[in-house]
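Following: one structure in structure tokens, then a few remarks.
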Amino acid sequence: MKVIITTIGILCGAVAMLFNPTPSNQTNSIRKNGMEVTWAYENNRVQFEMKAPTTGWIAIGFNEADQLKNTYLIMGRVANNLVTVKEHFVVEPGDYRSIGTFGAPVLVDAIEGTENKEGTVIKFSLPMEAIDAYRKSLEPGTHYTLLMAFSLEDDFQHHSVMRTQTTIQL
């Protein structure tokens with residue numbers, strides 16, 4: 001009898017995993033050129049953490065192609081002890097606009113951040129599902145070119161001192 005109950009329990013757990021594809025206990029990360037990005041899934045949202053050796057802004061972006069055009073760009077900063085995270089869409093290189101200018105709602109949430117002489121850490125969450133053409137689906141297993149960048153200044157219009165990209169699987 002114990003074997004049957006154990007087997008049924010294992011099968012139920014496997015079925016539950018099939019219908020809940022967002023593992024909440026798995027954390028992924030990538031580190032490149034002094035910057036680190038970490039992400040984990042919880043309640044249909046992706047929890048992100050960005051770290052960089054700067055007291056300026058930090059950014060990540062997602063694109064299907066190896067280019068800036070059409071990148072879903074998320075920029076964050078800690079300025080005057082206030083943490084700000086903004087969603088942008090890159091129309092063309094050098095022309096990135098706030099998601100709000102396209103009439104899209106702000107979906108970034110759970111914003112936190114710290115800054116000290118060693119650098120900046122910013123945390124936030126985004127929904128997994130893209131609700132418009134300016135965002136990307138952030139579901140597990142999705143492949144993207146990940147843009148990683150940071151600046152020495154808090155002004156989002158200031159150029160990056162480091163910008164790189166790499167291919168990732170969420």
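Starting from 1 in every chain, residues are counted up; chains themselves are A, B, ... following the order of the structure tokens, and ligands are numbered from 1 as listed.
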
- prompt: Got a sec: who's within 8 Å of segment 51-54 of chain A, counting only C-alpha atoms, leaving out chain neighbours fewer than 3 positions off, as a PyMOL selection string?
  reply: chain A and resi 34-37+57-58+117-122+150-152

- request: Write out as a list of chain:residue names the residues lying within 9 Å of Phe89 of chain A, counting only C-alpha atoms and excluding same-chain residues fewer than 4 positions away.
  value: A:Lys69, A:Asn70, A:Thr71, A:Tyr72, A:Leu73, A:Ile74, A:Asp95, A:Tyr96, A:Arg97, A:Ser98, A:Ile99, A:Tyr134, A:Arg135

With N, CA and C atoms retained, could you export that selection as an mmCIF file, in the first residue's frame?
data_model
loop_
_atom_site.group_PDB
_atom_site.id
_atom_site.type_symbol
_atom_site.label_atom_id
_atom_site.label_comp_id
_atom_site.auth_asym_id
_atom_site.auth_seq_id
_atom_site.Cartn_x
_atom_site.Cartn_y
_atom_site.Cartn_z
ATOM 1 N N LYS A 69 17.746 47.809 -32.356
ATOM 2 C CA LYS A 69 16.393 48.099 -32.820
ATOM 3 C C LYS A 69 15.428 47.031 -32.301
ATOM 4 N N ASN A 70 14.284 47.484 -31.768
ATOM 5 C CA ASN A 70 13.224 46.620 -31.231
ATOM 6 C C ASN A 70 13.579 45.953 -29.903
ATOM 7 N N THR A 71 14.549 46.485 -29.192
ATOM 8 C CA THR A 71 14.912 45.944 -27.883
ATOM 9 C C THR A 71 13.959 46.479 -26.813
ATOM 10 N N TYR A 72 13.508 45.580 -25.952
ATOM 11 C CA TYR A 72 12.754 45.946 -24.747
ATOM 12 C C TYR A 72 13.817 46.248 -23.696
ATOM 13 N N LEU A 73 13.918 47.513 -23.303
ATOM 14 C CA LEU A 73 15.010 48.015 -22.475
ATOM 15 C C LEU A 73 14.491 48.434 -21.107
ATOM 16 N N ILE A 74 15.127 47.952 -20.051
ATOM 17 C CA ILE A 74 14.757 48.313 -18.692
ATOM 18 C C ILE A 74 15.964 49.005 -18.056
ATOM 19 N N ASP A 95 17.553 56.074 -30.341
ATOM 20 C CA ASP A 95 16.175 56.534 -30.180
ATOM 21 C C ASP A 95 15.400 55.510 -29.359
ATOM 22 N N TYR A 96 15.508 55.633 -28.051
ATOM 23 C CA TYR A 96 14.738 54.763 -27.170
ATOM 24 C C TYR A 96 13.741 55.632 -26.431
ATOM 25 N N ARG A 97 12.532 55.095 -26.279
ATOM 26 C CA ARG A 97 11.425 55.866 -25.717
ATOM 27 C C ARG A 97 10.770 55.109 -24.576
ATOM 28 N N SER A 98 10.243 55.875 -23.638
ATOM 29 C CA SER A 98 9.517 55.295 -22.525
ATOM 30 C C SER A 98 8.310 54.522 -23.063
ATOM 31 N N ILE A 99 8.030 53.372 -22.463
ATOM 32 C CA ILE A 99 6.871 52.562 -22.845
ATOM 33 C C ILE A 99 5.592 53.408 -22.823
ATOM 34 N N TYR A 134 5.700 46.201 -27.537
ATOM 35 C CA TYR A 134 6.907 46.886 -27.061
ATOM 36 C C TYR A 134 7.667 46.089 -26.011
ATOM 37 N N ARG A 135 7.075 45.026 -25.540
ATOM 38 C CA ARG A 135 7.692 44.182 -24.527
ATOM 39 C C ARG A 135 8.000 42.810 -25.120
#

query: Gly100 of chain A: which residues within 10 Å, counting only C-alpha atoms, same-chain residues fewer than 2 positions away excluded, as a VMD selection string?
result: chain A and resid 86 to 89 97 to 98 102 to 106

- request: Quick one: pick out all strand (DSSP E) residues within chain A from a backbone DSSP run and write them as number ranges by chain.
  value: A: 27-32, 35-42, 45-52, 58-63, 72-79, 82-92, 95-98, 109-116, 119-127, 143-150, 162-169

Could the residues of segment 78-134 of chain A that have an atom at most 12 Å from segment 139-148 of chain A be listed as a tab-separated table, each with its closest atom pair and the distance in Å to one decimal, counting only C-alpha atoms and ordered by chain and ascending residue number?
residue	atom	partner	partner_atom	distance
A:Val90	CA	A:Leu147	CA	11.7
A:Leu126	CA	A:Glu139	CA	10.8
A:Pro127	CA	A:Glu139	CA	9.0
A:Met128	CA	A:Glu139	CA	5.3
A:Glu129	CA	A:Glu139	CA	6.9
A:Ala130	CA	A:Glu139	CA	9.3

Can you write just those residues out, N, CA and C atoms, as an mmCIF file, in the first residue's frame?
data_model
loop_
_atom_site.group_PDB
_atom_site.id
_atom_site.type_symbol
_atom_site.label_atom_id
_atom_site.label_comp_id
_atom_site.auth_asym_id
_atom_site.auth_seq_id
_atom_site.Cartn_x
_atom_site.Cartn_y
_atom_site.Cartn_z
ATOM 1 N N VAL A 90 13.382 50.445 -27.836
ATOM 2 C CA VAL A 90 14.356 51.040 -28.748
ATOM 3 C C VAL A 90 13.771 51.036 -30.165
ATOM 4 N N LEU A 126 8.913 41.912 -13.369
ATOM 5 C CA LEU A 126 8.155 42.144 -14.604
ATOM 6 C C LEU A 126 7.258 40.935 -14.855
ATOM 7 N N PRO A 127 6.122 41.143 -15.520
ATOM 8 C CA PRO A 127 5.284 39.992 -15.863
ATOM 9 C C PRO A 127 5.978 39.112 -16.903
ATOM 10 N N MET A 128 5.701 37.825 -16.846
ATOM 11 C CA MET A 128 6.272 36.893 -17.820
ATOM 12 C C MET A 128 5.701 37.121 -19.215
ATOM 13 N N GLU A 129 4.436 37.443 -19.277
ATOM 14 C CA GLU A 129 3.746 37.543 -20.559
ATOM 15 C C GLU A 129 3.792 38.962 -21.103
ATOM 16 N N ALA A 130 4.185 39.087 -22.364
ATOM 17 C CA ALA A 130 4.180 40.389 -23.035
ATOM 18 C C ALA A 130 2.744 40.747 -23.392
#

task: May I have the residues within 6 Å of Thr38 of chain A as a PyMOL selection string, using only C-alpha atoms and disregarding those fewer than 3 positions away in the same chain?
output: chain A and resi 28-29+48-49

Generate a file of the selected residues that holds N, CA and C atoms, formatted as a PDB file, in the first residue's frame.
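Contents of part.pdb, as written:
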ATOM      1  N   ASN A  28      18.689  31.957 -11.957  1.00  0.00           N
ATOM      2  CA  ASN A  28      19.664  31.959 -13.042  1.00  0.00           C
ATOM      3  C   ASN A  28      20.424  33.274 -12.995  1.00  0.00           C
ATOM      4  N   SER A  29      21.647  33.255 -13.485  1.00  0.00           N
ATOM      5  CA  SER A  29      22.400  34.506 -13.521  1.00  0.00           C
ATOM      6  C   SER A  29      23.429  34.473 -14.637  1.00  0.00           C
ATOM      7  N   PHE A  48      14.042  40.258 -11.119  1.00  0.00           N
ATOM      8  CA  PHE A  48      15.380  40.558 -11.624  1.00  0.00           C
ATOM      9  C   PHE A  48      16.205  41.276 -10.578  1.00  0.00           C
ATOM     10  N   GLU A  49      17.515  41.057 -10.649  1.00  0.00           N
ATOM     11  CA  GLU A  49      18.470  41.837  -9.879  1.00  0.00           C
ATOM     12  C   GLU A  49      19.624  42.183 -10.812  1.00  0.00           C
TER      13      GLU A  49
END

Nearest-residue call for Ile131 of chain A, choices A:Gly94, A:Val78, A:Leu107, A:Phe62, using only C-alpha atoms: A:Leu107
